[in-house]
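**Q** Below you'll find coords_35.txt; it's compact mmCIF, C-alpha atoms.
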```txt
# COMPACT_ATOMS: atom_id res chain seq x y z
CA MET R 1 -56.32 8.34 -146.20
CA GLN R 2 -55.86 8.38 -142.43
CA LEU R 3 -57.61 9.64 -139.32
CA VAL R 4 -55.97 12.71 -137.85
CA ALA R 5 -57.03 15.32 -135.30
CA PHE R 6 -55.40 18.66 -134.55
CA GLY R 7 -56.33 21.76 -132.62
CA LEU R 8 -55.80 23.82 -129.51
CA ASN R 9 -57.62 23.99 -126.18
CA HIS R 10 -57.59 25.64 -122.76
CA LEU R 11 -54.55 23.57 -121.78
CA SER R 12 -52.43 24.43 -124.82
CA ALA R 13 -53.42 28.01 -125.58
CA PRO R 14 -54.67 31.09 -123.69
CA ILE R 15 -57.96 32.70 -124.65
CA SER R 16 -56.12 35.43 -126.61
CA ILE R 17 -54.96 32.69 -129.01
CA ARG R 18 -58.05 30.48 -128.93
CA GLU R 19 -60.32 33.32 -129.99
CA LYS R 20 -58.32 33.75 -133.19
CA PHE R 21 -59.22 30.21 -134.30
CA ALA R 22 -62.88 30.00 -133.34
CA PHE R 23 -65.50 28.90 -135.89
CA PRO R 24 -68.86 30.56 -135.15
CA ALA R 25 -71.90 28.46 -136.02
CA GLU R 26 -72.84 30.64 -138.98
CA VAL R 27 -69.50 30.08 -140.77
CA LEU R 28 -69.07 26.42 -139.87
CA PRO R 29 -70.81 24.88 -142.95
CA ALA R 30 -68.73 26.98 -145.34
CA ALA R 31 -65.54 26.15 -143.44
CA LEU R 32 -66.26 22.42 -143.59
CA THR R 33 -66.83 22.43 -147.33
CA SER R 34 -63.83 24.72 -147.85
CA LEU R 35 -61.48 22.21 -146.23
CA VAL R 36 -62.91 19.31 -148.26
CA ASP R 37 -62.84 21.35 -151.47
CA SER R 38 -59.16 22.13 -150.84
CA GLN R 39 -58.46 18.39 -151.33
CA ALA R 40 -56.62 18.33 -147.99
CA ALA R 41 -59.25 16.03 -146.45
CA LYS R 42 -61.99 13.68 -147.58
CA GLU R 43 -64.02 13.92 -144.35
CA VAL R 44 -64.07 16.77 -141.81
CA ALA R 45 -65.73 17.67 -138.53
CA ILE R 46 -64.91 20.84 -136.60
CA VAL R 47 -65.49 21.22 -132.85
CA SER R 48 -65.40 24.88 -131.80
CA THR R 49 -66.26 25.89 -128.22
CA CYS R 50 -65.04 28.49 -125.73
CA ASN R 51 -62.38 26.01 -124.58
CA ARG R 52 -61.26 24.38 -127.82
CA THR R 53 -61.06 24.41 -131.58
CA GLU R 54 -60.41 20.93 -132.96
CA ILE R 55 -60.50 19.52 -136.48
CA TYR R 56 -61.05 15.81 -137.02
CA CYS R 57 -60.47 14.64 -140.57
CA ASN R 58 -59.84 11.74 -142.89
CA SER R 59 -56.82 13.05 -144.77
CA LYS R 60 -54.03 11.79 -146.98
CA ASP R 61 -52.11 15.01 -146.33
CA PRO R 62 -52.48 16.24 -142.71
CA ALA R 63 -49.89 18.98 -143.32
CA ALA R 64 -52.14 20.47 -146.01
CA ALA R 65 -55.13 20.38 -143.65
CA LEU R 66 -53.08 22.16 -140.99
CA LEU R 67 -52.00 24.77 -143.51
CA TRP R 68 -55.66 25.30 -144.42
CA LEU R 69 -56.46 26.12 -140.78
CA ALA R 70 -53.69 28.72 -140.61
CA ARG R 71 -54.70 30.31 -143.91
CA TYR R 72 -58.41 30.27 -143.07
CA HIS R 73 -57.70 32.41 -140.00
CA ASP R 74 -55.03 34.44 -141.78
CA VAL R 75 -52.14 33.53 -139.47
CA SER R 76 -48.79 31.89 -140.07
CA LEU R 77 -48.05 28.28 -139.20
CA ASP R 78 -45.13 29.48 -137.08
CA MET R 79 -47.57 31.48 -134.96
CA LEU R 80 -49.91 28.49 -134.62
CA ARG R 81 -47.50 25.63 -133.94
CA PRO R 82 -46.54 26.43 -130.30
CA TYR R 83 -50.18 26.05 -129.24
CA LEU R 84 -51.15 23.15 -131.47
CA TYR R 85 -51.47 19.42 -130.87
CA GLN R 86 -51.67 16.95 -133.74
CA LEU R 87 -52.79 13.36 -133.18
CA ASP R 88 -52.57 10.27 -135.36
CA ALA R 89 -55.36 7.68 -135.54
CA PRO R 90 -55.08 5.89 -132.14
CA ALA R 91 -54.27 9.12 -130.29
CA ALA R 92 -57.09 10.95 -132.10
CA ALA R 93 -59.57 8.26 -131.07
CA ARG R 94 -58.38 8.38 -127.46
CA HIS R 95 -58.64 12.17 -127.46
CA ALA R 96 -62.17 12.12 -128.91
CA PHE R 97 -63.26 9.57 -126.30
CA ARG R 98 -61.76 11.66 -123.48
CA VAL R 99 -63.35 14.86 -124.77
CA ALA R 100 -66.79 13.23 -125.06
CA SER R 101 -66.44 11.83 -121.53
CA GLY R 102 -65.56 15.22 -120.02
CA LEU R 103 -62.00 14.19 -119.13
CA ASP R 104 -60.37 16.89 -121.26
CA SER R 105 -62.57 19.73 -120.03
CA MET R 106 -61.75 22.65 -117.76
CA VAL R 107 -64.52 21.28 -115.54
CA LEU R 108 -63.57 17.63 -115.10
CA GLY R 109 -66.58 15.47 -115.89
CA GLU R 110 -68.80 18.25 -117.29
CA THR R 111 -71.49 17.13 -119.71
CA GLN R 112 -71.98 20.18 -121.94
CA ILE R 113 -69.14 19.16 -124.26
CA LEU R 114 -71.03 16.00 -125.27
CA GLY R 115 -73.86 18.12 -126.66
CA GLN R 116 -71.33 20.35 -128.42
CA LEU R 117 -69.71 17.30 -130.03
CA LYS R 118 -73.10 16.12 -131.26
CA ASP R 119 -73.74 19.58 -132.71
CA ALA R 120 -70.41 19.36 -134.56
CA VAL R 121 -71.35 15.97 -135.99
CA ARG R 122 -74.75 17.25 -137.12
CA ALA R 123 -73.08 20.23 -138.82
CA ALA R 124 -70.65 17.95 -140.65
CA GLU R 125 -73.43 15.60 -141.68
CA SER R 126 -75.56 18.48 -142.98
CA SER R 127 -72.59 19.84 -144.94
CA GLY R 128 -71.84 16.46 -146.49
CA THR R 129 -68.37 16.19 -144.91
CA LEU R 130 -69.11 13.30 -142.55
CA GLY R 131 -68.16 9.87 -143.92
CA ILE R 132 -67.90 6.34 -142.58
CA LEU R 133 -64.63 6.92 -140.73
CA LEU R 134 -65.61 10.03 -138.77
CA ASN R 135 -69.17 8.87 -138.19
CA THR R 136 -67.84 5.64 -136.66
CA LEU R 137 -65.35 7.60 -134.54
CA PHE R 138 -67.98 9.91 -133.08
CA GLN R 139 -70.67 7.29 -132.58
CA LYS R 140 -68.08 5.27 -130.69
CA SER R 141 -67.18 8.43 -128.72
CA PHE R 142 -70.80 8.89 -127.67
CA ALA R 143 -71.04 5.25 -126.62
CA VAL R 144 -67.83 5.52 -124.58
CA ALA R 145 -69.10 8.69 -122.87
CA LYS R 146 -72.30 6.88 -121.90
CA GLU R 147 -70.29 3.95 -120.55
CA VAL R 148 -68.01 6.25 -118.53
CA ARG R 149 -71.00 8.13 -117.07
CA SER R 150 -72.80 4.94 -116.08
CA GLN R 151 -69.81 3.08 -114.65
CA THR R 152 -67.81 5.84 -112.93
CA GLY R 153 -68.49 8.91 -110.83
CA VAL R 154 -66.37 11.22 -112.96
CA GLY R 155 -69.15 13.80 -113.22
CA ALA R 156 -70.18 13.71 -109.58
CA ASN R 157 -70.02 16.95 -107.59
CA SER R 158 -68.56 18.92 -110.48
CA VAL R 159 -68.75 22.69 -110.31
CA SER R 160 -70.01 23.93 -113.68
CA MET R 161 -69.08 27.19 -115.37
CA ALA R 162 -72.58 28.40 -114.59
CA ALA R 163 -72.25 27.64 -110.87
CA ALA R 164 -68.77 29.18 -110.84
CA ALA R 165 -70.20 32.42 -112.25
CA VAL R 166 -72.56 32.71 -109.29
CA LYS R 167 -69.76 31.91 -106.83
CA LEU R 168 -67.61 34.67 -108.31
CA ALA R 169 -70.42 37.21 -108.01
CA GLU R 170 -70.99 36.18 -104.38
CA GLN R 171 -67.33 36.92 -103.64
CA ILE R 172 -67.84 40.52 -104.77
CA PHE R 173 -71.37 41.34 -103.59
CA PRO R 174 -72.95 40.50 -100.21
CA THR R 175 -76.08 38.96 -101.72
CA ILE R 176 -77.32 38.13 -105.21
CA GLY R 177 -80.84 39.10 -104.17
CA GLU R 178 -79.99 42.82 -104.31
CA LEU R 179 -78.41 42.74 -107.76
CA LYS R 180 -79.54 43.62 -111.25
CA VAL R 181 -78.14 41.07 -113.71
CA LEU R 182 -77.74 41.52 -117.47
CA PHE R 183 -77.15 38.56 -119.78
CA ILE R 184 -75.87 39.27 -123.28
CA GLY R 185 -76.75 36.51 -125.75
CA ALA R 186 -79.43 33.83 -125.71
CA GLY R 187 -77.51 30.61 -126.35
CA GLU R 188 -77.05 27.49 -124.27
CA MET R 189 -74.28 28.86 -122.05
CA ILE R 190 -76.23 32.03 -121.21
CA GLU R 191 -79.32 29.95 -120.40
CA LEU R 192 -77.29 27.76 -118.02
CA VAL R 193 -75.76 30.73 -116.20
CA ALA R 194 -79.06 32.63 -116.12
CA THR R 195 -80.78 29.60 -114.59
CA HIS R 196 -78.20 29.49 -111.79
CA PHE R 197 -78.53 33.22 -111.10
CA ALA R 198 -82.34 33.03 -111.25
CA ALA R 199 -82.24 30.41 -108.48
CA ARG R 200 -80.74 33.14 -106.21
CA SER R 201 -83.67 35.49 -107.00
CA PRO R 202 -81.79 38.65 -108.05
CA ARG R 203 -83.71 41.92 -108.06
CA GLN R 204 -83.81 42.04 -111.88
CA ILE R 205 -82.77 39.86 -114.82
CA THR R 206 -82.55 41.18 -118.37
CA ILE R 207 -81.64 39.34 -121.58
CA ALA R 208 -79.96 41.43 -124.30
CA ASN R 209 -79.78 39.77 -127.68
CA ARG R 210 -79.29 40.75 -131.31
CA THR R 211 -82.84 39.64 -132.12
CA LEU R 212 -85.50 40.59 -129.58
CA ALA R 213 -87.63 37.52 -130.35
CA ARG R 214 -84.84 35.10 -129.39
CA GLY R 215 -84.20 37.05 -126.21
CA ARG R 216 -87.87 36.91 -125.29
CA GLU R 217 -87.94 33.15 -125.87
CA LEU R 218 -85.18 32.68 -123.32
CA ALA R 219 -86.80 35.17 -120.92
CA CYS R 220 -89.99 33.09 -120.98
CA ARG R 221 -88.06 29.94 -120.02
CA LEU R 222 -86.57 31.55 -116.90
CA PRO R 223 -88.45 31.80 -113.61
CA GLY R 224 -89.82 35.13 -112.44
CA GLN R 225 -90.13 38.39 -114.33
CA VAL R 226 -87.37 38.58 -116.93
CA ASP R 227 -87.04 41.44 -119.42
CA ALA R 228 -85.62 41.28 -122.95
CA VAL R 229 -83.91 44.07 -124.90
CA THR R 230 -81.82 44.38 -128.06
CA LEU R 231 -78.07 44.87 -128.21
CA ALA R 232 -78.66 48.34 -129.64
CA GLU R 233 -80.04 49.39 -126.24
CA LEU R 234 -76.87 48.48 -124.31
CA PRO R 235 -75.31 51.97 -124.29
CA GLN R 236 -78.38 53.39 -122.53
CA LEU R 237 -78.94 50.44 -120.16
CA LEU R 238 -75.52 49.15 -119.12
CA ALA R 239 -75.15 51.50 -116.14
CA GLN R 240 -78.22 49.94 -114.48
CA TYR R 241 -76.63 46.51 -113.96
CA ASP R 242 -74.35 45.20 -111.25
CA VAL R 243 -73.60 41.91 -113.02
CA VAL R 244 -73.00 41.48 -116.76
CA VAL R 245 -72.52 38.01 -118.27
CA SER R 246 -71.87 37.76 -121.99
CA SER R 247 -71.61 34.82 -124.38
CA THR R 248 -72.34 35.50 -128.04
CA ALA R 249 -70.89 34.36 -131.36
CA SER R 250 -69.82 37.88 -132.31
CA GLN R 251 -66.44 38.13 -134.02
CA LEU R 252 -65.88 41.61 -132.56
CA PRO R 253 -66.25 42.91 -128.98
CA ILE R 254 -69.75 44.07 -128.08
CA ILE R 255 -68.70 46.07 -125.03
CA GLY R 256 -65.74 48.42 -125.28
CA LYS R 257 -63.72 50.27 -122.68
CA GLY R 258 -65.36 53.61 -123.45
CA LEU R 259 -68.88 52.22 -122.97
CA VAL R 260 -67.94 50.79 -119.57
CA GLU R 261 -66.25 54.05 -118.53
CA ARG R 262 -69.46 55.96 -119.22
CA ALA R 263 -71.50 53.34 -117.34
CA LEU R 264 -69.21 53.60 -114.29
CA LYS R 265 -69.53 57.38 -114.28
CA ALA R 266 -73.32 57.09 -114.34
CA ARG R 267 -73.14 54.51 -111.53
CA ARG R 268 -70.93 56.86 -109.49
CA HIS R 269 -68.30 54.10 -109.55
CA ARG R 270 -70.36 51.43 -107.89
CA PRO R 271 -68.60 48.15 -108.87
CA ILE R 272 -69.62 46.02 -111.84
CA PHE R 273 -68.93 42.29 -112.08
CA MET R 274 -68.42 41.28 -115.72
CA LEU R 275 -68.01 37.70 -116.92
CA ASP R 276 -67.07 37.13 -120.55
CA LEU R 277 -67.70 33.50 -121.54
CA ALA R 278 -67.35 34.13 -125.27
CA VAL R 279 -64.52 33.08 -127.57
CA PRO R 280 -63.71 35.40 -129.32
CA ARG R 281 -64.27 37.76 -126.39
CA ASP R 282 -67.36 39.96 -126.20
CA ILE R 283 -65.79 42.45 -123.78
CA GLU R 284 -62.60 44.27 -124.63
CA ALA R 285 -59.70 43.03 -122.49
CA GLU R 286 -58.78 46.67 -121.69
CA VAL R 287 -61.95 46.94 -119.60
CA ALA R 288 -60.08 45.04 -116.88
CA GLU R 289 -57.83 48.10 -116.45
CA LEU R 290 -60.73 50.18 -115.11
CA ASP R 291 -61.21 50.67 -111.39
CA ASP R 292 -64.45 49.28 -109.96
CA VAL R 293 -64.72 46.65 -112.72
CA PHE R 294 -64.18 42.97 -111.96
CA LEU R 295 -63.76 41.37 -115.39
CA TYR R 296 -63.30 37.61 -115.72
CA SER R 297 -62.89 35.37 -118.77
CA VAL R 298 -63.43 31.62 -119.09
CA ASP R 299 -59.76 31.06 -118.23
CA ASP R 300 -60.01 33.16 -115.06
CA ILE R 301 -62.57 30.89 -113.40
CA ALA R 302 -60.47 27.74 -113.72
CA GLY R 303 -59.57 27.83 -110.03
CA ILE R 304 -63.18 27.83 -108.92
CA VAL R 305 -64.18 24.89 -111.05
CA GLU R 306 -61.30 22.90 -109.55
CA VAL R 307 -63.41 22.41 -106.41
CA GLY R 308 -64.02 18.69 -105.96
CA ARG R 309 -61.61 17.78 -108.73
CA GLU R 310 -59.45 15.58 -106.50
CA ALA R 311 -62.42 13.41 -105.58
CA ARG R 312 -63.37 13.07 -109.23
CA GLN R 313 -59.81 12.25 -110.31
CA GLN R 314 -60.05 8.70 -108.94
CA ALA R 315 -63.17 8.18 -111.02
CA ALA R 316 -61.33 9.68 -113.98
CA ASP R 317 -58.62 7.04 -113.60
CA GLU R 318 -61.31 4.37 -113.83
CA ALA R 319 -62.68 6.10 -116.92
CA GLU R 320 -59.23 6.05 -118.53
CA THR R 321 -59.18 2.26 -118.20
CA ILE R 322 -62.48 2.03 -120.06
CA ILE R 323 -61.23 4.40 -122.74
CA HIS R 324 -57.99 2.45 -123.22
CA SER R 325 -59.98 -0.69 -123.94
CA ARG R 326 -62.31 1.07 -126.38
CA VAL R 327 -59.37 2.68 -128.21
CA ASP R 328 -57.96 -0.81 -128.83
CA GLU R 329 -61.32 -1.88 -130.27
CA PHE R 330 -61.43 1.16 -132.55
CA ALA R 331 -57.83 0.53 -133.67
CA ASP R 332 -58.83 -3.04 -134.59
CA TRP R 333 -61.71 -1.66 -136.65
CA LEU R 334 -59.34 0.73 -138.42
CA ARG R 335 -56.94 -2.09 -139.27
CA GLN R 336 -59.77 -4.18 -140.65
CA ARG R 337 -60.95 -1.22 -142.71
CA GLU R 338 -57.46 -0.69 -144.12
CA ARG R 339 -57.40 -4.31 -145.31
CA VAL R 340 -60.64 -3.98 -147.27
CA PRO R 341 -58.97 -2.82 -150.54
CA LEU R 342 -56.47 -5.70 -150.30
CA ILE R 343 -59.22 -8.24 -149.73
CA ARG R 344 -61.27 -6.76 -152.56
CA GLY R 345 -58.26 -6.92 -154.89
CA LEU R 346 -57.57 -10.54 -153.92
CA ARG R 347 -61.15 -11.54 -154.60
CA ASP R 348 -61.23 -9.60 -157.88
CA ASN R 349 -58.12 -11.42 -159.02
CA ALA R 350 -59.62 -14.79 -158.12
CA GLU R 351 -62.83 -13.87 -159.95
CA GLN R 352 -60.88 -12.99 -163.09
CA GLN R 353 -59.15 -16.37 -162.99
CA ARG R 354 -62.48 -18.11 -162.51
CA GLN R 355 -64.06 -16.29 -165.44
CA LEU R 356 -61.14 -17.17 -167.75
CA ALA R 357 -61.22 -20.83 -166.75
CA LEU R 358 -65.00 -20.96 -167.12
CA LYS R 359 -64.80 -19.41 -170.58
CA VAL R 360 -62.36 -22.12 -171.72
CA ALA R 361 -64.53 -24.84 -170.20
CA MET R 362 -67.68 -23.59 -171.93
CA LYS R 363 -65.91 -23.65 -175.30
CA GLN R 364 -64.77 -27.24 -174.66
CA LEU R 365 -68.30 -28.29 -173.78
CA ALA R 366 -69.61 -26.57 -176.93
CA ARG R 367 -67.18 -28.67 -178.99
CA GLY R 368 -68.73 -31.80 -177.50
CA GLU R 369 -65.95 -32.83 -175.16
CA ALA R 370 -66.97 -35.08 -172.27
CA PRO R 371 -68.21 -33.08 -169.26
CA GLU R 372 -66.13 -35.10 -166.78
CA VAL R 373 -62.97 -34.32 -168.78
CA VAL R 374 -63.84 -30.62 -168.98
CA LEU R 375 -64.54 -30.43 -165.24
CA ASP R 376 -61.24 -32.12 -164.44
CA MET R 377 -59.34 -29.70 -166.66
CA LEU R 378 -61.27 -26.75 -165.16
CA SER R 379 -60.33 -27.73 -161.62
CA GLN R 380 -56.68 -28.25 -162.59
CA GLN R 381 -56.52 -24.88 -164.37
CA LEU R 382 -58.06 -23.04 -161.40
CA THR R 383 -55.71 -24.77 -158.98
CA ASN R 384 -52.65 -23.90 -161.08
CA LYS R 385 -53.74 -20.28 -161.56
CA LEU R 386 -54.52 -19.64 -157.89
CA MET R 387 -51.44 -21.44 -156.56
CA HIS R 388 -48.95 -19.95 -159.01
CA PRO R 389 -48.31 -16.60 -157.18
CA PRO R 390 -47.64 -18.06 -153.69
CA THR R 391 -45.65 -20.99 -155.13
CA ARG R 392 -43.42 -18.68 -157.16
CA ALA R 393 -42.88 -16.39 -154.14
CA LEU R 394 -41.93 -19.32 -151.91
CA SER R 395 -39.60 -20.83 -154.49
CA GLY R 396 -37.67 -17.67 -155.28
CA GLY R 397 -37.25 -16.00 -151.87
CA LYS R 398 -34.55 -16.23 -149.24
CA GLY R 399 -33.57 -14.68 -145.93
CA ALA R 400 -35.80 -13.24 -143.18
CA ASP R 401 -38.44 -11.98 -145.61
CA HIS R 402 -38.75 -15.44 -147.12
CA ASP R 403 -39.11 -17.01 -143.66
CA ALA R 404 -41.84 -14.51 -142.77
CA LEU R 405 -43.62 -15.27 -146.05
CA ALA R 406 -43.41 -19.00 -145.38
CA ASP R 407 -44.88 -18.53 -141.91
CA ALA R 408 -47.70 -16.43 -143.37
CA VAL R 409 -48.53 -19.13 -145.94
CA VAL R 410 -48.61 -21.75 -143.20
CA ARG R 411 -51.09 -19.63 -141.22
CA LEU R 412 -53.19 -18.67 -144.24
CA TYR R 413 -53.64 -22.22 -145.49
CA ARG R 414 -53.49 -23.86 -142.05
CA LEU R 415 -50.65 -26.12 -143.16
CA HIS R 416 -48.51 -28.43 -141.06
CA PRO R 417 -45.54 -29.26 -143.33
CA GLU R 418 -43.54 -32.38 -142.71
CA PRO R 419 -40.09 -31.73 -141.11
```
Once more with this new file: its structure as structure tokens, please.

**A**
Amino acid sequence: MQLVAFGLNHLSAPISIREKFAFPAEVLPAALTSLVDSQAAKEVAIVSTCNRTEIYCNSKDPAAALLWLARYHDVSLDMLRPYLYQLDAPAAARHAFRVASGLDSMVLGETQILGQLKDAVRAAESSGTLGILLNTLFQKSFAVAKEVRSQTGVGANSVSMAAAAVKLAEQIFPTIGELKVLFIGAGEMIELVATHFAARSPRQITIANRTLARGRELACRLPGQVDAVTLAELPQLLAQYDVVVSSTASQLPIIGKGLVERALKARRHRPIFMLDLAVPRDIEAEVAELDDVFLYSVDDIAGIVEVGREARQQAADEAETIIHSRVDEFADWLRQRERVPLIRGLRDNAEQQRQLALKVAMKQLARGEAPEVVLDMLSQQLTNKLMHPPTRALSGGKGADHDALADAVVRLYRLHPEP
């Protein structure tokens, strides 16, 4: 078994590819158990966000785990490979530490990914696919992230996705205060963006969600008068809104080109700003072809979130130094863990020899032989048994391997042979 990580992110794959490999929250438990049941991995955790899909696993056959990913999403490996990265144990640990610390994010230093990683770990734990190896990896990742945050300024002055959404809208409309804003979904990302828009006091905010109760819960947490509606009401209501921000876990688009065309006609072609933060996308890509629609995806706002990145890059370099040190520590732990079966086997062998020698000694005592004689014979027998394997290896070897073995024996037994 070995630690391996593979996946694709905003640096390796465009959104049109990333959305094909997303794991919505409702399918994640089944996906985790499916990969373990396939025998391709003993432990599994899946991180699936708008910017990445990554699988961390303890696997004796990483190629089989990779094939599972392709088959699960019904694509060929040839289609997947150009966008994929695959990392062995040290590289996987370094990557996990960088992701947790916000160094691998579109927004350098952002903190939302840490919560998403913790959600992934909880999902794996609940599904029974989190073992000692992955639990240690992620707990170490969380500790490294905390250390990076406390000792560097990598997250200082970062422009979040939520803030970038407001900045984009301000580039299109003179003032947010005159706008009607519709949010589709009621998850964490929508709440973050809605909070930023609410701070600009738009004329109206509405939450549209599959379940009205969940939408109302979010509406109550936002300042001011916020309405809540169901997704079924979108066809009748869409034309009322100047800004539409969507982020749901839907596997199919919620807003199609035809719906937007009808909304534009009702609006007499007043412009609509649409921001699709979902992966897979909530808004059909063809909507961007329409006049008077400004449609942006998560990849489109990368330039805005670059603001202040240069200043944070120096802090990121300091963070990389911390991570390098912690990767070495984790690699040491892995090496120690790999030696456990060898140590256990060595001790089991010694215990077998002890039991055999003890059995002979007990029989001798039962026959009435002198205890001091029995003890002397017991010690000699144990010595001969335990020393026979290394003595035979040293006596029969030659060449470089024999020299290496001799050096190892000297270190193991702390010997200083006479020249």

**Q** If you count all atoms listed in the file, which residues fall within 7 Å of Cys57 in chain R, apart from same-chain ones fewer than 6 positions away, as a list in words?

**A**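 Those residues are Leu3, Val4, Ala5, Ala41, Glu43, Val44 and Ala45 of chain R.
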
**Q** Enclose all atoms of range 389-408 of chain R listed in the file in an axis-aligned box, grow every side by 6 Å, and hand back centre and edge lengths in Å to one decimal, as AutoDock Vina command-line options.

**A**
```
--center_x -40.9 --center_y -16.5 --center_z -149.5 --size_x 26.7 --size_y 21.0 --size_z 27.3
```

**Q** Which of these, R:Arg326, R:Arg268, R:Arg71, R:Lys42, has the shortest distance to Ala96 in chain R once you count all atoms listed in the file?

**A**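 The closest residue to Ala96 in chain R is R:Arg326.
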
**Q** With distances taken over all atoms listed in the file, which of R:Ala228, R:Val47, R:Ala331, R:Val305 is nearest to Asp88 in chain R?

**A**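 Nearest candidate to Asp88 in chain R out of R:Ala228, R:Val47, R:Ala331, R:Val305: R:Ala331.
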
**Q** How many Å separate CA of Ala31 in chain R from CA of Thr53 in chain R?

**A**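 Computing the Euclidean distance for CA of Ala31 in chain R and CA of Thr53 in chain R yields 12.8 Å.
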
**Q** Can you tell me, as a list in words, what residues are no more than 12 Å from Ala123 in chain R when counting all atoms listed in the file, ignoring any on the same chain fewer than 3 positions away?

**A**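 Final neighbour list, sorted by chain and number: Phe23, Pro24, Ala25, Glu26, Val27, Leu28, Pro29, Ala30, Ala31, Leu32, Thr33, Val44, Ala45, Ile46, Val47, Ser48, Gln116, Leu117, Lys118, Asp119, Ala120, Ser126, Ser127, Gly128, Thr129 and Leu130 of chain R.
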
**Q** Which is closer to Ala89 in chain R than all the others in R:His388, R:Arg347, R:Arg52, R:Arg335, using all atoms listed in the file?

**A**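 Smallest distance to Ala89 in chain R is found for R:Arg335.
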
**Q** Of the candidates R:Asn9, R:Thr136, R:Gln112, R:Gln240, which one gets nearest to Arg337 in chain R if we count only C-alpha atoms?

**A** R:Thr136

**Q** Find, counting only C-alpha atoms, the residue in R:Ser201, R:Thr206, R:Asn384, R:Gln151 that gets nearest to Phe183 in chain R.

**A**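 Comparing R:Ser201, R:Thr206, R:Asn384, R:Gln151 against Phe183 in chain R, the winner is R:Thr206.
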
**Q** Go ahead and compute the interatomic distance for CA of Ala288 in chain R and CA of Met161 in chain R, in Å to one decimal.

**A**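 Those two atoms sit 20.0 Å apart.
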
**Q** Could you give me, as a PDB file with C-alpha atoms, in the frame of the given file, the residues that have an atom at most 12 Å away from the point (-55.6, 33.2, -123.5) in the coordinates of the file, using only C-alpha atoms?

**A**
```pdb
ATOM      1  CA  LEU R   8     -55.800  23.820-129.510  1.00  0.00           C
ATOM      2  CA  ASN R   9     -57.620  23.990-126.180  1.00  0.00           C
ATOM      3  CA  HIS R  10     -57.590  25.640-122.760  1.00  0.00           C
ATOM      4  CA  LEU R  11     -54.550  23.570-121.780  1.00  0.00           C
ATOM      5  CA  SER R  12     -52.430  24.430-124.820  1.00  0.00           C
ATOM      6  CA  ALA R  13     -53.420  28.010-125.580  1.00  0.00           C
ATOM      7  CA  PRO R  14     -54.670  31.090-123.690  1.00  0.00           C
ATOM      8  CA  ILE R  15     -57.960  32.700-124.650  1.00  0.00           C
ATOM      9  CA  SER R  16     -56.120  35.430-126.610  1.00  0.00           C
ATOM     10  CA  ILE R  17     -54.960  32.690-129.010  1.00  0.00           C
ATOM     11  CA  ARG R  18     -58.050  30.480-128.930  1.00  0.00           C
ATOM     12  CA  GLU R  19     -60.320  33.320-129.990  1.00  0.00           C
ATOM     13  CA  LYS R  20     -58.320  33.750-133.190  1.00  0.00           C
ATOM     14  CA  PHE R  21     -59.220  30.210-134.300  1.00  0.00           C
ATOM     15  CA  CYS R  50     -65.040  28.490-125.730  1.00  0.00           C
ATOM     16  CA  ASN R  51     -62.380  26.010-124.580  1.00  0.00           C
ATOM     17  CA  ARG R  52     -61.260  24.380-127.820  1.00  0.00           C
ATOM     18  CA  TYR R  83     -50.180  26.050-129.240  1.00  0.00           C
ATOM     19  CA  ALA R 278     -67.350  34.130-125.270  1.00  0.00           C
ATOM     20  CA  VAL R 279     -64.520  33.080-127.570  1.00  0.00           C
ATOM     21  CA  PRO R 280     -63.710  35.400-129.320  1.00  0.00           C
ATOM     22  CA  ARG R 281     -64.270  37.760-126.390  1.00  0.00           C
ATOM     23  CA  ALA R 285     -59.700  43.030-122.490  1.00  0.00           C
ATOM     24  CA  TYR R 296     -63.300  37.610-115.720  1.00  0.00           C
ATOM     25  CA  SER R 297     -62.890  35.370-118.770  1.00  0.00           C
ATOM     26  CA  VAL R 298     -63.430  31.620-119.090  1.00  0.00           C
ATOM     27  CA  ASP R 299     -59.760  31.060-118.230  1.00  0.00           C
ATOM     28  CA  ASP R 300     -60.010  33.160-115.060  1.00  0.00           C
TER      29      ASP R 300
END
```

**Q** Quick one: pull the distance between CA of Gly102 in chain R and CA of Ser247 in chain R, Å, one decimal.

**A**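 A separation of 21.0 Å between them.
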
**Q** Counting all atoms listed in the file, what is within 8 Å of Leu114 in chain R, bar same-chain residues fewer than 5 positions away, as number ranges by chain?

**A** R: 99-102, 142, 145

**Q** Which residue is closest to Val243 in chain R? Choose from R:Arg344, R:Phe173, R:Glu284, R:Glu217 and count all atoms listed in the file.

**A**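 Of R:Arg344, R:Phe173, R:Glu284, R:Glu217, the one nearest Val243 in chain R, counting all atoms listed in the file, is R:Phe173.
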